[in-house]
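Quick notes on the structure that follows.
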Amino acid sequence: MFKEAKDGPVKAITANRLGDGLVVFLTENGAWTRNLAEARLIADGEALEEALVYGRAQHDARVVIDPYAIDVTTDGEDPQPIRLRERIRADLGPTVAYGDAERAALAARAAPKGG
Amino acid sequence: MYRYDEFDAAFVHERVEQFRGQVVRRLSGELTEEQFRPLRLMNGVYLQLHAYMLRVAIPYGTLNSGQMRGLAHVARTYDRGYGHFTTRQNVQFNWPALKDIPDLLDDLAKVEMHAIQTSGNCIRNVTADHFAGAAADEIVDPRPYAEILRQWSSLHPEFSFLPRKFKIAVTGAPRDRAATQVHDIGIHAVRGDDGRLGFSIYVGGGLGRTPMIAHRIRDFLPAEHLLSYVEAILRVYNLFGRRDNKYKARIKILVHETGADEIRRQVEAEWERIRDGVLSLPADEIRRIEAYFAPPPLEPQASDGLAGARAKDPVLDLWVDQNTVAHRVAGHAVATISLKPVGGTPGDATADQMDAVAALADRYSHGEIRVSHEQNLILPHVREDDLPELHAALADLGLATPNAGLITDSICCPGLDYCALANARSIPIAQEISERFAEPARQREIGDLKIKISGCINACGHHHVGNIGILGVEKKGEEFYQLLLGGSGDETASIGDIIGRGFAGDEIVGAVETVVDTYLEHRSGPDETFLAAYRRLGQEPFKEALYGGG
């Protein structure tokens with residue numbers, strides 16, 4: 001289903017929320033946020049193991065489903081996942097417009113120009 | 001179309017309440033995720049990249065307008081205002097919250113719909129020709145037989161835990177619009193020498209990581225034996241299909257490893273044992289089911305105004321030419337509503353569009369709608385003289401793209417934008433292709449050309465049977481796309497050839513254009529389709545154009 005992060009200096013823990021299935025990230029205080037910028041960034045090692053154990057306990061406590069670690073880069077202003085799959089998840093939706101937003105964009109494009 | 005009887009309604013209602021209890025127990029902690037997962041999957045609930053996804057069955061792709069309004073209601077009330085019509089004639093909602101899904105299913109049940117057997121190792125939604133009941137070339141409407149198969153396969157106790165999922169497709173016409181030869185069982189209606197109705201039976205087709213074309217194991221099966229013969233196939237598969245390796249568990253692998261002749265022998269032997277038992281279809285029962293699919297009262301008529309309207313309006317003329325086909329009743333047409341607007345997401349429709357299509361179906365198509373495996377909608381019974389009004393209404397809705405069967409009418413899976421299994425995005429590739437080839441005159445010059453795009457090897461986008469197939473893979477962390485040529489899902493079914501090394505995301509559409517330009521350069525004339533030209537020419541001119549000599 002997904003590849004566990006195996007390298008890279010910084011990790012975040014991600015999962016899907018049980019009740020609505022939406023993507024979340026583990027924060028410093030053990031809560032879950034929709035915003036990766038608010039996530040706890042963890043170096044490899046004991047701290048990561050502890051965070052994953054905590055995530056698993058949150059899975060068992062019916063807060064989230066199937067937590068796992070992802071590689072994150074902090075080169076830019078905000079942390080960004082390294083893998084495209086995780087970047088798409090962290091953006092909280094597809095890379096394309098959908099629903100009414102897509103319909104509006106297509107309609108605007110089709111409308112006669114000028115005026 | 002088929003209407004639920006009391007048994008159906010009670011059964012679906014009970015199933016909704018059963019799932020409601022399971023969701024409550026999951027949320028309260030009585031069920032672990034590991035315990036709950038198979039239960040939710042049996043009710044069509046997946047966990048995808050961003051959220052839960054619900055897959056709703058549309059039996060043999062047939063909907064009435066009330067059901068389409070029901071889908072619009074679900075999209076608006078429980079989702080983000082849209083749905084995605086799939087390559088199995090189903091619809092998927094991408095964002096429902098788990099806690100809401102029991103209510104959602106309850107609302108669906110009110111319009112006689114459900115999500116049962118849209119996942120799991122069972123017999124999935126039976127698919128059929130999307131022009132069923134209307135096509136001029138039809139031997140018989142395949143939907144009564146698809147419905148008989150649906151009733152037989154729903155919660156069939158012997159076949160609820162098969163080695164792997166199982167897909168059946170039925171066509172009632174010689175022109176195979178249902179991709180039957182890439183299904184576990186493909187069923188083709190045929191007439192015997194004495195005019196009797198029967199079926200040719202194909203077994204062992206499939207796509208995914210091991211694509212295979214089905215073998216015909218029986219040329220003519222009298223119609224009354226359909227269920228017993230299909231049951232015999234399922235029994236052989238259930239007994240001998242591999243359960244040790246999910247990648248080798250589909251019936252296509254069993255047929256391939258055992259040999260089609262031996263599978264035929266085993267099926268025929270089992271069938272001989274059960275053929276005249278309880279599964280024989282009495283003529284009265286076939287007629288009873290057929291009555292649900294009785295065609296609307298269409299009178300043959302001459303078209304008064306269509307030719308004149310087309311002469312005055314080239315946009316209408318183009319749409320009628322490309323998106324409508326002959327109906328079996330003179331003066332009528334089968335109209336394809338393209339869900340492939342240039343730059344849009346293939347197969348998506350908003351709740352407002354669904355409601356509007358339902359209203360148009362009521363007004364112009366006797367309330368009937370079909371979903372095609374090519375991810376479009378069909379109004380099957382439109383008076384030719386109503387086509388100008390229908391076209392104008394569709395244009396206002398952004399649903400009048402005149403591209404049915406053309407290069408911008410791509411099949412496309414959700415890919416990495418939504419799917420937890422995907423390795424690469426497919427929607428942006430389809431969008432870029434449709435933008436590159438958007439010009440209607442250019443599309444028409446290219447002619448019939450089916451592009452099919454999958455975001456992973458599971459092949460939900462049918463890339464193996466695309467005239468041009470595109471498979472997204474992940475290579476060193478980047479999206480990469482393999483190009484396949486020469487596939488077809490029609491009655492001349494073939495698996496496409498991987499043409500060479502793959503292309504980066506920013507190269508693949510250019511590669512498609514190179515292939516198309518090569519076809520235009522080498523075709524014998526405008527009547528030679530891409531597929532025919534490829535079969536005549538072989539890979540070489542395309543390889544040469546894509547990769548150069550040496």
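By order in the structure tokens, chains are A, B, ...; within a chain, residues start at 1; ligands start at 1, following the order shown.
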
Pull out every residue of chain A sitting within 12 Å of chain B, counting only C-alpha atoms, and send them as a VMD selection string.
chain A and resid 1 to 3 14 to 24 34 56 58 to 66 81 to 111

Considering only helix (DSSP H, G or I) as DSSP defines it on the backbone, what residues of chain A qualify? List them as a ChimeraX atom specification.
/A:36-38,46-60,84-90,99-110

Within 8 Å of Asp385 in chain B, counting only C-alpha atoms, which residues qualify if same-chain residues fewer than 3 places away don't, as a list in words?
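So, after excluding close chain neighbours, the residues are Ser303, Asp304, Gly305, Leu306, Gly331 and Pro388 of chain B.
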
Could you write out the selected residues, including N, CA, C and O atoms, as a PDB file, in the first residue's frame?
ATOM      1  N   SER B 303     -37.464  11.940 -39.849  1.00  0.00           N
ATOM      2  CA  SER B 303     -36.997  13.153 -39.185  1.00  0.00           C
ATOM      3  C   SER B 303     -37.364  14.364 -40.034  1.00  0.00           C
ATOM      4  O   SER B 303     -37.073  14.412 -41.225  1.00  0.00           O
ATOM      5  N   ASP B 304     -38.014  15.347 -39.407  1.00  0.00           N
ATOM      6  CA  ASP B 304     -38.440  16.535 -40.150  1.00  0.00           C
ATOM      7  C   ASP B 304     -37.354  17.596 -40.220  1.00  0.00           C
ATOM      8  O   ASP B 304     -37.027  18.108 -41.278  1.00  0.00           O
ATOM      9  N   GLY B 305     -36.812  17.898 -39.020  1.00  0.00           N
ATOM     10  CA  GLY B 305     -36.021  19.118 -38.964  1.00  0.00           C
ATOM     11  C   GLY B 305     -34.537  18.944 -38.732  1.00  0.00           C
ATOM     12  O   GLY B 305     -33.784  19.923 -38.794  1.00  0.00           O
ATOM     13  N   LEU B 306     -34.083  17.727 -38.459  1.00  0.00           N
ATOM     14  CA  LEU B 306     -32.689  17.583 -38.043  1.00  0.00           C
ATOM     15  C   LEU B 306     -31.718  17.986 -39.152  1.00  0.00           C
ATOM     16  O   LEU B 306     -30.756  18.721 -38.893  1.00  0.00           O
ATOM     17  N   GLY B 331     -35.764   7.144 -37.055  1.00  0.00           N
ATOM     18  CA  GLY B 331     -36.117   8.472 -36.567  1.00  0.00           C
ATOM     19  C   GLY B 331     -35.634   8.741 -35.152  1.00  0.00           C
ATOM     20  O   GLY B 331     -35.937   9.790 -34.585  1.00  0.00           O
ATOM     21  N   PRO B 388     -31.338  18.705 -31.705  1.00  0.00           N
ATOM     22  CA  PRO B 388     -30.862  20.096 -31.577  1.00  0.00           C
ATOM     23  C   PRO B 388     -31.109  20.684 -30.181  1.00  0.00           C
ATOM     24  O   PRO B 388     -30.221  21.316 -29.601  1.00  0.00           O
TER      25      PRO B 388
END

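Taking CA of Ala283 in chain B and CA of Pro295 in chain B as endpoints, the distance between them is 19.1 Å.
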
Have a look at A:Gln80, A:Ile13, A:Glu50, A:Ile70 and name the one nearest to Ala31 in chain A; count only C-alpha atoms.
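Closest to Ala31 in chain A of all the choices is A:Ile13.
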
Name the residues in contact with Leu26 in chain A at a cut-off of 9 Å, using only C-alpha atoms, excluding same-chain residues fewer than 2 positions from it; report them as a PDB file with N, CA and C atoms, in the first residue's frame.
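Final output, saved to part_24.pdb:
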ATOM      1  N   ALA A  12       8.131  12.663   9.396  1.00  0.00           N
ATOM      2  CA  ALA A  12       6.875  13.026  10.051  1.00  0.00           C
ATOM      3  C   ALA A  12       6.024  11.759  10.098  1.00  0.00           C
ATOM      4  N   ILE A  13       5.062  11.745  11.014  1.00  0.00           N
ATOM      5  CA  ILE A  13       4.155  10.597  11.100  1.00  0.00           C
ATOM      6  C   ILE A  13       2.816  11.024  10.507  1.00  0.00           C
ATOM      7  N   THR A  14       2.319  10.209   9.599  1.00  0.00           N
ATOM      8  CA  THR A  14       1.046  10.531   8.967  1.00  0.00           C
ATOM      9  C   THR A  14       0.093   9.346   9.088  1.00  0.00           C
ATOM     10  N   ALA A  15      -1.188   9.619   8.901  1.00  0.00           N
ATOM     11  CA  ALA A  15      -2.221   8.581   8.973  1.00  0.00           C
ATOM     12  C   ALA A  15      -3.487   9.155   8.350  1.00  0.00           C
ATOM     13  N   VAL A  24      -3.949  13.179   8.096  1.00  0.00           N
ATOM     14  CA  VAL A  24      -3.484  13.954   9.247  1.00  0.00           C
ATOM     15  C   VAL A  24      -2.014  13.652   9.522  1.00  0.00           C
ATOM     16  N   GLU A  28       3.593  17.961  17.803  1.00  0.00           N
ATOM     17  CA  GLU A  28       4.516  17.880  18.948  1.00  0.00           C
ATOM     18  C   GLU A  28       3.803  17.420  20.213  1.00  0.00           C
ATOM     19  N   ASN A  29       2.547  17.832  20.381  1.00  0.00           N
ATOM     20  CA  ASN A  29       1.861  17.510  21.645  1.00  0.00           C
ATOM     21  C   ASN A  29       1.004  16.244  21.548  1.00  0.00           C
ATOM     22  N   GLY A  30       1.217  15.459  20.477  1.00  0.00           N
ATOM     23  CA  GLY A  30       0.519  14.176  20.391  1.00  0.00           C
ATOM     24  C   GLY A  30      -0.855  14.261  19.773  1.00  0.00           C
ATOM     25  N   ALA A  31      -1.223  15.449  19.321  1.00  0.00           N
ATOM     26  CA  ALA A  31      -2.493  15.578  18.603  1.00  0.00           C
ATOM     27  C   ALA A  31      -2.234  15.320  17.109  1.00  0.00           C
ATOM     28  N   TRP A  32      -3.272  15.489  16.306  1.00  0.00           N
ATOM     29  CA  TRP A  32      -3.143  15.283  14.862  1.00  0.00           C
ATOM     30  C   TRP A  32      -3.613  16.535  14.150  1.00  0.00           C
ATOM     31  N   THR A  33      -2.865  16.930  13.133  1.00  0.00           N
ATOM     32  CA  THR A  33      -3.194  18.147  12.393  1.00  0.00           C
ATOM     33  C   THR A  33      -3.355  17.831  10.915  1.00  0.00           C
ATOM     34  N   LEU A  36       0.727  19.904   7.454  1.00  0.00           N
ATOM     35  CA  LEU A  36       2.065  19.342   7.653  1.00  0.00           C
ATOM     36  C   LEU A  36       3.002  20.347   8.311  1.00  0.00           C
ATOM     37  N   GLU A  38       2.495  22.075  10.722  1.00  0.00           N
ATOM     38  CA  GLU A  38       2.344  22.002  12.183  1.00  0.00           C
ATOM     39  C   GLU A  38       2.783  20.654  12.748  1.00  0.00           C
ATOM     40  N   ALA A  39       3.315  19.803  11.870  1.00  0.00           N
ATOM     41  CA  ALA A  39       3.654  18.443  12.304  1.00  0.00           C
ATOM     42  C   ALA A  39       4.963  18.427  13.079  1.00  0.00           C
ATOM     43  N   ARG A  40       5.078  17.423  13.889  1.00  0.00           N
ATOM     44  CA  ARG A  40       6.337  17.187  14.601  1.00  0.00           C
ATOM     45  C   ARG A  40       7.323  16.569  13.616  1.00  0.00           C
ATOM     46  N   LEU A  41       8.506  17.155  13.507  1.00  0.00           N
ATOM     47  CA  LEU A  41       9.539  16.597  12.638  1.00  0.00           C
ATOM     48  C   LEU A  41      10.519  15.839  13.510  1.00  0.00           C
ATOM     49  N   ALA A  51       7.631   7.569  18.449  1.00  0.00           N
ATOM     50  CA  ALA A  51       6.499   8.228  17.779  1.00  0.00           C
ATOM     51  C   ALA A  51       5.632   7.210  17.045  1.00  0.00           C
ATOM     52  N   GLY A  55       1.833   6.372  17.590  1.00  0.00           N
ATOM     53  CA  GLY A  55       0.878   6.350  16.474  1.00  0.00           C
ATOM     54  C   GLY A  55       0.079   5.063  16.468  1.00  0.00           C
TER      55      GLY A  55
END

Excluding range 401-412 of chain B and residues on its chain fewer than 6 positions from it, collect all residues at most 7 Å away from it, counting only C-alpha atoms, and give them as a PyMOL selection string.
chain B and resi 318-319+322-323+336+338+340-341+346+374-375+426-427+430+433-434+437+443+447-454+461

What is the distance, in Å and to one decimal place, between CA of Ser365 in chain B and CA of His391 in chain B?
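Those two atoms sit 13.2 Å apart.
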
Name all residues at most 8 Å from Pro79 in chain A (count only C-alpha atoms; drop same-chain ones fewer than 6 positions away) and give them as a ChimeraX atom specification.
/A:36-37,72-73

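Pairwise distance (CA of Glu368 in chain B, CA of Pro102 in chain B) equals 27.3 Å.
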
Skipping near chain neighbours, those fewer than 3 positions away, what residues fall within 10 Å of Arg535 in chain B using only C-alpha atoms, listed as a tab-separated table (two decimals) with N, CA and C atoms, in the first residue's frame?
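Final output, selection38.tsv:
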chain	number	residue	atom	x	y	z
B	485	LEU	N	1.16	0.14	-27.78
B	485	LEU	CA	0.44	0.40	-29.04
B	485	LEU	C	-0.27	-0.87	-29.53
B	486	GLY	N	-1.42	-0.67	-30.13
B	486	GLY	CA	-2.08	-1.76	-30.83
B	486	GLY	C	-3.04	-2.59	-30.01
B	487	GLY	N	-3.37	-2.14	-28.81
B	487	GLY	CA	-4.35	-2.88	-28.02
B	487	GLY	C	-5.76	-2.57	-28.48
B	529	THR	N	-8.13	3.14	-39.89
B	529	THR	CA	-8.01	3.63	-38.52
B	529	THR	C	-6.60	3.42	-37.99
B	530	PHE	N	-6.33	4.06	-36.84
B	530	PHE	CA	-5.03	3.87	-36.21
B	530	PHE	C	-4.77	2.39	-35.96
B	531	LEU	N	-5.79	1.70	-35.42
B	531	LEU	CA	-5.60	0.29	-35.07
B	531	LEU	C	-5.31	-0.54	-36.31
B	532	ALA	N	-6.07	-0.30	-37.37
B	532	ALA	CA	-5.85	-1.05	-38.62
B	532	ALA	C	-4.47	-0.76	-39.17
B	538	GLY	N	2.88	-2.74	-38.16
B	538	GLY	CA	3.73	-3.25	-37.09
B	538	GLY	C	4.38	-2.11	-36.31
B	539	GLN	N	5.30	-2.49	-35.43
B	539	GLN	CA	5.88	-1.51	-34.50
B	539	GLN	C	6.90	-0.58	-35.14
